[in-house]
Amino acid sequence: MPVNWWEKEQRRLSTEINLMRQKFPQFELGHAEHDHMINNWSVVRKGQKYWLGRLKPVSGNIYTVLLTYPNYYPSGGEIKAYIVSPHISHCNHRYGDGHLCLYSNDHGGKGQGAGPGMTAVSYVGWTAAWLHAHEIYERKGVWPENNFFKRP
Amino acid sequence: MINPFSRKENKISSLDEKKANQDPLAVEDLLVNGTQKATITSDGRLVTKKNALKDKEEHIDLMKQREWGCR
């Protein structure tokens with residue numbers, strides 16, 4: 001019988017919970033009893049662990065954010081982040097299934113991205129940064145980003 | 001349609017109470033081309049590390065050289 005990652009990696013789960021309580025206490029850990037669809041995206045599968053909470057960027061707008069752990073964690077995949085509400089229609093820096101594209105590990109690791117030292121806290125932080133970028137995009141029509149290829 | 005996740009949100013008031021609203025463009029330089037180090041507050045605001053040190057709230061740092069992935 002397959003063992004869930006949080007049973008196999010109990011210390012890791014405790015670390016994730018403790019860090020989230022310290023840094024983003026408004027988020028709550030959930031366990032999906034069945035599949036969940038949001039905006040026609042399958043965001044959580046039955047049996048997966050997830051974090052749900054709200055973020056409030058400098059604009060004052062409030063976003064509900066969902067972070068889904070993969071079935072095999074931490075070695076078998078990365079956490080996916082979704083904006084549950086309000087619905088964001090543009091597809092800048094998002095994958096086809098709606099989860100946010102938060103980082104790149106290209107360029108010799110110079111970007112801030114996934115790695116063994118990252119936890120759900122890292123992903124919430126990056127999601128907050130993504131929301132700031134989204135709100136700037138809504139105002140200016142241009143996504144604020146560093147581009148390694150255009151740097152002098 | 002019922003939002004299956006809505007029941008989990010039980011700390012709305014604490015988030016609503018925090019800080020006055022600000023123009024998002026005011027923090028653009030914390031994402032790109034600026035010289036100040038950026039950090040994220042617990043409610044999700046992007047602020048300078050210098051300002052973050054003034055209060056006792058937990059923050060996480062954001063690397064300026066971070067790069068977004070797919071477009």
# chains A, B, ... in the order shown; residues from 1 in each chain; ligands from 1
call {"tool": "closest_atom_pairs", "arguments": {"of": "segment 38-133 of chain A", "to": "segment 23-28 of chain B", "cutoff": "8 Å", "atoms": "only C-alpha atoms", "output": "JSON lines"}}
result
{"residue": "A:Pro57", "atom": "CA", "partner": "B:Pro24", "partner_atom": "CA", "distance": 8.0}
{"residue": "A:Val58", "atom": "CA", "partner": "B:Pro24", "partner_atom": "CA", "distance": 6.1}
{"residue": "A:Ser59", "atom": "CA", "partner": "B:Pro24", "partner_atom": "CA", "distance": 5.6}
{"residue": "A:His132", "atom": "CA", "partner": "B:Pro24", "partner_atom": "CA", "distance": 6.6}
{"residue": "A:Ala133", "atom": "CA", "partner": "B:Glu28", "partner_atom": "CA", "distance": 7.6}
call {"tool": "interface_residues", "arguments": {"of": "chain A", "to": "chain B", "cutoff": "6 Å", "atoms": "only C-alpha atoms", "output": "list in words"}}
result
Lys23, Phe24, Gln26, Leu55, Lys56, Pro57, Val58, Ser59, Gly60, Asn92, His93, Cys101, Leu102, Tyr103, Ser104, Gly111, Gln112, Ala128, Ile136, Glu145 and Asn146 of chain A
call {"tool": "write_last_selection", "arguments": {"atoms": "N, CA and C atoms", "output": "mmCIF file, in the first residue's frame"}}
result
data_model
loop_
_atom_site.group_PDB
_atom_site.id
_atom_site.type_symbol
_atom_site.label_atom_id
_atom_site.label_comp_id
_atom_site.auth_asym_id
_atom_site.auth_seq_id
_atom_site.Cartn_x
_atom_site.Cartn_y
_atom_site.Cartn_z
ATOM 1 N N LYS A 23 5.088 32.665 9.661
ATOM 2 C CA LYS A 23 5.179 33.694 8.619
ATOM 3 C C LYS A 23 3.825 34.107 8.040
ATOM 4 N N PHE A 24 2.964 33.133 7.809
ATOM 5 C CA PHE A 24 1.667 33.428 7.197
ATOM 6 C C PHE A 24 0.569 32.715 7.979
ATOM 7 N N GLN A 26 -2.421 33.308 8.588
ATOM 8 C CA GLN A 26 -3.792 33.304 8.074
ATOM 9 C C GLN A 26 -4.051 32.137 7.132
ATOM 10 N N LEU A 55 -4.104 36.900 0.816
ATOM 11 C CA LEU A 55 -3.009 37.869 0.766
ATOM 12 C C LEU A 55 -3.573 39.228 0.379
ATOM 13 N N LYS A 56 -2.964 40.252 0.958
ATOM 14 C CA LYS A 56 -3.423 41.616 0.704
ATOM 15 C C LYS A 56 -2.213 42.463 0.310
ATOM 16 N N PRO A 57 -1.967 42.601 -0.995
ATOM 17 C CA PRO A 57 -0.862 43.449 -1.460
ATOM 18 C C PRO A 57 -1.075 44.914 -1.083
ATOM 19 N N VAL A 58 -0.132 45.753 -1.437
ATOM 20 C CA VAL A 58 -0.193 47.165 -1.048
ATOM 21 C C VAL A 58 -1.439 47.871 -1.567
ATOM 22 N N SER A 59 -2.024 47.355 -2.633
ATOM 23 C CA SER A 59 -3.224 47.975 -3.196
ATOM 24 C C SER A 59 -4.398 47.900 -2.231
ATOM 25 N N GLY A 60 -4.373 46.930 -1.345
ATOM 26 C CA GLY A 60 -5.509 46.711 -0.450
ATOM 27 C C GLY A 60 -6.479 45.663 -0.974
ATOM 28 N N ASN A 92 -0.665 35.821 -18.287
ATOM 29 C CA ASN A 92 0.756 36.127 -18.120
ATOM 30 C C ASN A 92 1.355 35.309 -16.983
ATOM 31 N N HIS A 93 2.478 34.706 -17.246
ATOM 32 C CA HIS A 93 3.215 33.952 -16.234
ATOM 33 C C HIS A 93 2.349 32.936 -15.498
ATOM 34 N N CYS A 101 3.257 30.781 -12.620
ATOM 35 C CA CYS A 101 4.664 30.535 -12.937
ATOM 36 C C CYS A 101 5.466 31.525 -12.108
ATOM 37 N N LEU A 102 6.062 31.033 -11.057
ATOM 38 C CA LEU A 102 6.617 31.928 -10.040
ATOM 39 C C LEU A 102 8.112 32.157 -10.161
ATOM 40 N N TYR A 103 8.785 31.336 -10.891
ATOM 41 C CA TYR A 103 10.252 31.429 -10.899
ATOM 42 C C TYR A 103 10.817 30.664 -12.079
ATOM 43 N N SER A 104 12.086 30.876 -12.287
ATOM 44 C CA SER A 104 12.842 30.057 -13.228
ATOM 45 C C SER A 104 14.107 29.616 -12.530
ATOM 46 N N GLY A 111 18.280 32.709 -10.587
ATOM 47 C CA GLY A 111 16.930 33.097 -10.211
ATOM 48 C C GLY A 111 16.600 32.477 -8.871
ATOM 49 N N GLN A 112 15.558 33.014 -8.214
ATOM 50 C CA GLN A 112 15.118 32.455 -6.936
ATOM 51 C C GLN A 112 14.021 31.460 -7.250
ATOM 52 N N ALA A 128 2.896 36.359 -3.419
ATOM 53 C CA ALA A 128 2.662 37.765 -3.079
ATOM 54 C C ALA A 128 3.376 38.665 -4.087
ATOM 55 N N ILE A 136 0.627 45.626 -11.077
ATOM 56 C CA ILE A 136 1.371 46.591 -11.897
ATOM 57 C C ILE A 136 1.017 46.384 -13.371
ATOM 58 N N GLU A 145 9.506 42.741 -14.884
ATOM 59 C CA GLU A 145 10.338 41.554 -14.712
ATOM 60 C C GLU A 145 11.794 41.835 -15.038
ATOM 61 N N ASN A 146 12.609 41.017 -14.416
ATOM 62 C CA ASN A 146 14.018 40.986 -14.771
ATOM 63 C C ASN A 146 14.175 40.065 -15.958
#
call {"tool": "residues_around", "arguments": {"residues": "Lys46 of chain A", "least_positions_apart": "5", "cutoff": "6 Å", "atoms": "only C-alpha atoms", "output": "compact mmCIF listing (two decimals) with C-alpha atoms, in the first residue's frame"}}
result
# COMPACT_ATOMS: atom_id res chain seq x y z
CA ALA A 32 -8.76 17.18 0.00
CA GLU A 33 -11.53 14.66 0.48
CA HIS A 34 -12.30 14.84 -3.22
CA ASP A 35 -11.15 16.63 -6.37
call {"tool": "closest_residue", "arguments": {"among": "A:Trp51, A:Thr15, A:Ala81, A:Arg94", "to": "His134 of chain A", "atoms": "only C-alpha atoms"}}
result
A:Arg94
call {"tool": "select_by_dssp", "arguments": {"residues": "segment 14-146 of chain A", "states": "strand (DSSP E or B)", "output": "number ranges by chain"}}
result
A: 28-31, 36-38, 41-44, 49-55, 63-68, 80-85, 94, 100
call {"tool": "closest_residue", "arguments": {"among": "A:Ala120, A:Leu19, A:Ala114, A:Ile38", "to": "Pro86 of chain A", "atoms": "only C-alpha atoms"}}
result
A:Ile38
call {"tool": "atom_distance", "arguments": {"atom1": "atom CA of His99 of chain A", "atom2": "atom CA of Lys80 of chain A"}}
result
5.9 Å
call {"tool": "select_by_dssp", "arguments": {"residues": "segment 10-131 of chain A", "states": "helix (DSSP H, G or I)", "output": "short mmCIF file (atom, residue, chain, number, x, y, z; two decimals) with C-alpha atoms, in the first residue's frame"}}
result
data_model
loop_
_atom_site.label_atom_id
_atom_site.label_comp_id
_atom_site.auth_asym_id
_atom_site.auth_seq_id
_atom_site.Cartn_x
_atom_site.Cartn_y
_atom_site.Cartn_z
CA GLN A 10 6.55 13.71 9.10
CA ARG A 11 9.38 15.99 10.10
CA ARG A 12 9.13 17.82 6.81
CA LEU A 13 5.40 18.37 7.28
CA SER A 14 5.98 19.66 10.82
CA THR A 15 8.58 22.08 9.50
CA GLU A 16 6.21 23.33 6.82
CA ILE A 17 3.39 23.82 9.34
CA ASN A 18 5.60 25.59 11.87
CA LEU A 19 7.07 27.95 9.30
CA MET A 20 3.68 28.77 7.82
CA ARG A 21 2.27 29.52 11.28
CA GLN A 22 5.15 31.89 11.94
CA LYS A 23 5.18 33.69 8.62
CA ASP A 106 17.55 28.54 -15.36
CA HIS A 107 20.72 30.57 -15.74
CA GLY A 108 22.79 28.62 -13.27
CA GLY A 109 20.39 29.02 -10.42
CA ALA A 120 5.30 26.53 1.33
CA VAL A 121 6.45 29.81 2.89
CA SER A 122 8.69 30.46 -0.09
CA TYR A 123 5.79 29.87 -2.46
CA VAL A 124 3.47 32.21 -0.56
CA GLY A 125 6.15 34.90 -0.70
CA TRP A 126 6.61 34.43 -4.41
CA THR A 127 2.84 34.42 -4.89
CA ALA A 128 2.66 37.76 -3.08
CA ALA A 129 5.33 39.08 -5.44
CA TRP A 130 3.37 37.66 -8.38
CA LEU A 131 0.29 39.53 -7.19
#
call {"tool": "atom_distance", "arguments": {"atom1": "atom CA of Tyr50 of chain A", "atom2": "atom CA of Gly76 of chain A"}}
result
15.8 Å
call {"tool": "atom_distance", "arguments": {"atom1": "atom CA of Tyr72 of chain A", "atom2": "atom CA of Trp41 of chain A"}}
result
20.5 Å
